[in-house]
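Presented below is the structure to which this report refers.
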Amino acid sequence: MLLTLDDNDLSQNLDLDSTVMSGRPLKKRMLAQLARAVQILEQQHHVRPCLAVVQVGDHPASSVYVRNKILACKKTGVVSMLHELPGDTTDAELHALLERLNADPAVHGILVQLPLPEHMDPQAAIQLISPSKDVDGYHPVNLGDLMAGRGALEPCTPRGVMTMLRAYKVDLVGMHAVVVGRSMTVGRPMAQMLMRANATVTVCHRFTKDLQEHVKRADLLVVATGVHNLIKGEWIKPGATVIDVGITRLEDGSLSGDVDYDVARERARYITPVPGGVGQMTVATLLENTVRSACQTLGVEIDLRRA
Ligand code: GUN
């Protein structure tokens with residue numbers, strides 16, 4: 001382990017009796033711990049972790065996400081390097097930038113904000129990033145390592161969900177976990193991590209027959225489809241833990257998830273709100289991955305339970 005978070009500290013200030021599993025206090029604790037790790041790297045190894053963020057075009061939601069990522073860097077002392085490229089950038093131009101960032105020893109993490117404009121090839125960009133700098137954990141080498149059970153850089157959203165479940169002391173062993181959505185960025189890696197934690201995992205997707213029947217059997221439900229209100233509140237097993245990864249902007253401008261929150265909340269033991277739930281953990285975990293990547297480059301181990 002290159003970087004170990006202090007789980008006891010993460011659980012501090014969380015209201016474990018509440019039904020709402022909030023990401024905000026957890027993100028704050030994580031960033032405070034990571035700031036300590038950055039301080040150690042700077043004082044003892046004279047290196048500041050650095051994250052390069054590449055945004056192509058001006059997709060409005062992406063601009064908000066990128067701004068939040070840069071802000072989180074500032075809070076931890078991680079150096080951020082923002083590369084904003086015009087919407088008509090070619091794959092070759094993006095690849096040339098990625099090669100430069102791969103070769104720059106001052107850069108520890110590289111993130112290409114998705115989605116890329118229609119004319120570009122996201123997989124080609126992801127595969128060009130050096131796996132050791134792939135802080136999104138999307139490179140096939142990192143996804144393969146995750147499957148082999150030895151992941152160093154893991155996708156931020158599912159890893160953030162695992163941190164959240166640990167901090168809220170949800171015992172996953174033997175639990176029936178149902179993951180709805182099979183994306184490369186959330187559903188698939190989520191299922192792998194839950195299996196690693198000894199849960200029994202069912203993965204549902206758009207061709208699943210009787211989604212409702214699967215959801216009704218879930219002790220832990222993770223939903224990542226981007227389909228607003230796909231999961232009805234009445235489907236939730238009483239006492240289940242519900243993790244809503246979806247985020248949709250409604251016509252009135254508000255944000256909402258994939259789960260019918262108000263009804264589900266009445267049945268669940270824990271439920272993550274949208275916004276203020278999983279999204280917070282994604283950003284915090286991106287910073288965790290950046291610091292971990294710097295530790296890996298330097299060959300340093302930091303255990304924040306003792307630091
Ligand atoms: N677009 C929306 N979420 C993400 C993310 O976590 N990483 C990247 N690279 N793009 C995104």
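FYI, nothing fancy with the structure tokens labels: chains A, B, ... in order, residues from 1 per chain, ligands from 1 as they appear.
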If you take only C-alpha atoms and a cut-off of 8 Å, which residues of region 54-119 of chain A touch region 25-34 of chain A, and what are their nearest atom pairs and distances in Å to one decimal, in chain and number order, as JSON lines?
```
{"residue": "A:Ala72", "atom": "CA", "partner": "A:Leu31", "partner_atom": "CA", "distance": 7.5}
{"residue": "A:Lys75", "atom": "CA", "partner": "A:Leu31", "partner_atom": "CA", "distance": 6.9}
{"residue": "A:Thr76", "atom": "CA", "partner": "A:Leu31", "partner_atom": "CA", "distance": 5.9}
```
Selection above as a file: N, CA and C atoms, as a short mmCIF file (atom, residue, chain, number, x, y, z; two decimals), in the first residue's frame:
```cif
data_model
loop_
_atom_site.label_atom_id
_atom_site.label_comp_id
_atom_site.auth_asym_id
_atom_site.auth_seq_id
_atom_site.Cartn_x
_atom_site.Cartn_y
_atom_site.Cartn_z
N ALA A 72 -10.40 21.39 -5.57
CA ALA A 72 -9.97 20.35 -4.62
C ALA A 72 -8.44 20.27 -4.58
N LYS A 75 -7.22 22.93 -2.30
CA LYS A 75 -7.47 22.64 -0.88
C LYS A 75 -6.45 21.68 -0.29
N THR A 76 -5.81 20.88 -1.12
CA THR A 76 -4.87 19.88 -0.61
C THR A 76 -3.41 20.27 -0.84
#
```
For this session: Would you please extract all strand (DSSP E) residues from region 133-242 of chain A, as assigned by DSSP on the backbone, and give them as a PyMOL selection string?
Result: chain A and resi 176-180+200-204+220-223+241-242
File of the preceding selection, N, CA and C atoms, as an mmCIF file, in the first residue's frame:
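Wrote it out as again24.cif, contents follow:
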```
data_model
loop_
_atom_site.group_PDB
_atom_site.id
_atom_site.type_symbol
_atom_site.label_atom_id
_atom_site.label_comp_id
_atom_site.auth_asym_id
_atom_site.auth_seq_id
_atom_site.Cartn_x
_atom_site.Cartn_y
_atom_site.Cartn_z
ATOM 1 N N HIS A 176 -25.941 -9.238 -0.445
ATOM 2 C CA HIS A 176 -26.325 -9.303 -1.852
ATOM 3 C C HIS A 176 -26.303 -7.886 -2.418
ATOM 4 N N ALA A 177 -25.306 -7.601 -3.246
ATOM 5 C CA ALA A 177 -25.167 -6.276 -3.843
ATOM 6 C C ALA A 177 -25.675 -6.325 -5.279
ATOM 7 N N VAL A 178 -26.516 -5.380 -5.638
ATOM 8 C CA VAL A 178 -27.006 -5.292 -7.015
ATOM 9 C C VAL A 178 -26.486 -3.990 -7.611
ATOM 10 N N VAL A 179 -25.769 -4.115 -8.723
ATOM 11 C CA VAL A 179 -25.234 -2.948 -9.435
ATOM 12 C C VAL A 179 -26.076 -2.772 -10.692
ATOM 13 N N VAL A 180 -26.670 -1.602 -10.863
ATOM 14 C CA VAL A 180 -27.467 -1.344 -12.070
ATOM 15 C C VAL A 180 -26.648 -0.410 -12.961
ATOM 16 N N THR A 200 -21.880 -10.703 -2.585
ATOM 17 C CA THR A 200 -22.392 -11.483 -3.720
ATOM 18 C C THR A 200 -23.012 -10.478 -4.675
ATOM 19 N N VAL A 201 -22.525 -10.464 -5.916
ATOM 20 C CA VAL A 201 -22.853 -9.337 -6.791
ATOM 21 C C VAL A 201 -23.703 -9.758 -7.986
ATOM 22 N N THR A 202 -24.772 -9.003 -8.230
ATOM 23 C CA THR A 202 -25.580 -9.136 -9.446
ATOM 24 C C THR A 202 -25.414 -7.839 -10.239
ATOM 25 N N VAL A 203 -25.154 -7.953 -11.532
ATOM 26 C CA VAL A 203 -25.055 -6.762 -12.369
ATOM 27 C C VAL A 203 -26.249 -6.721 -13.323
ATOM 28 N N CYS A 204 -26.987 -5.614 -13.286
ATOM 29 C CA CYS A 204 -28.141 -5.440 -14.177
ATOM 30 C C CYS A 204 -27.811 -4.373 -15.216
ATOM 31 N N LEU A 220 -27.605 -4.162 -0.818
ATOM 32 C CA LEU A 220 -26.884 -2.955 -1.232
ATOM 33 C C LEU A 220 -27.215 -2.731 -2.702
ATOM 34 N N LEU A 221 -27.662 -1.517 -3.016
ATOM 35 C CA LEU A 221 -28.030 -1.202 -4.400
ATOM 36 C C LEU A 221 -27.161 -0.040 -4.870
ATOM 37 N N VAL A 222 -26.451 -0.251 -5.970
ATOM 38 C CA VAL A 222 -25.664 0.841 -6.567
ATOM 39 C C VAL A 222 -26.241 1.096 -7.954
ATOM 40 N N VAL A 223 -26.687 2.315 -8.195
ATOM 41 C CA VAL A 223 -27.339 2.620 -9.470
ATOM 42 C C VAL A 223 -26.531 3.664 -10.227
ATOM 43 N N THR A 241 -29.077 -0.466 1.764
ATOM 44 C CA THR A 241 -28.226 0.710 1.547
ATOM 45 C C THR A 241 -28.291 1.058 0.060
ATOM 46 N N VAL A 242 -28.589 2.315 -0.245
ATOM 47 C CA VAL A 242 -28.819 2.731 -1.630
ATOM 48 C C VAL A 242 -27.801 3.791 -2.037
#
```
Problem set entry | Pick from A:Leu153, A:Leu230, A:Met193, A:Ala125 nearest to His205 (chain A), counting only C-alpha atoms |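 Closest to His205 (chain A) of all the choices is A:Leu230.
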Problem set entry | Filtered DSSP result for region 132-271 of chain A, state alpha helix (DSSP H), as a PyMOL selection string | chain A and resi 140-147+156-167+187-196+211-216+261-267
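Closest to ligand 1 among A:Ala268, A:Leu94, A:Leu114, A:Ile231 is A:Leu114, based on only C-alpha atoms and all ligand atoms.
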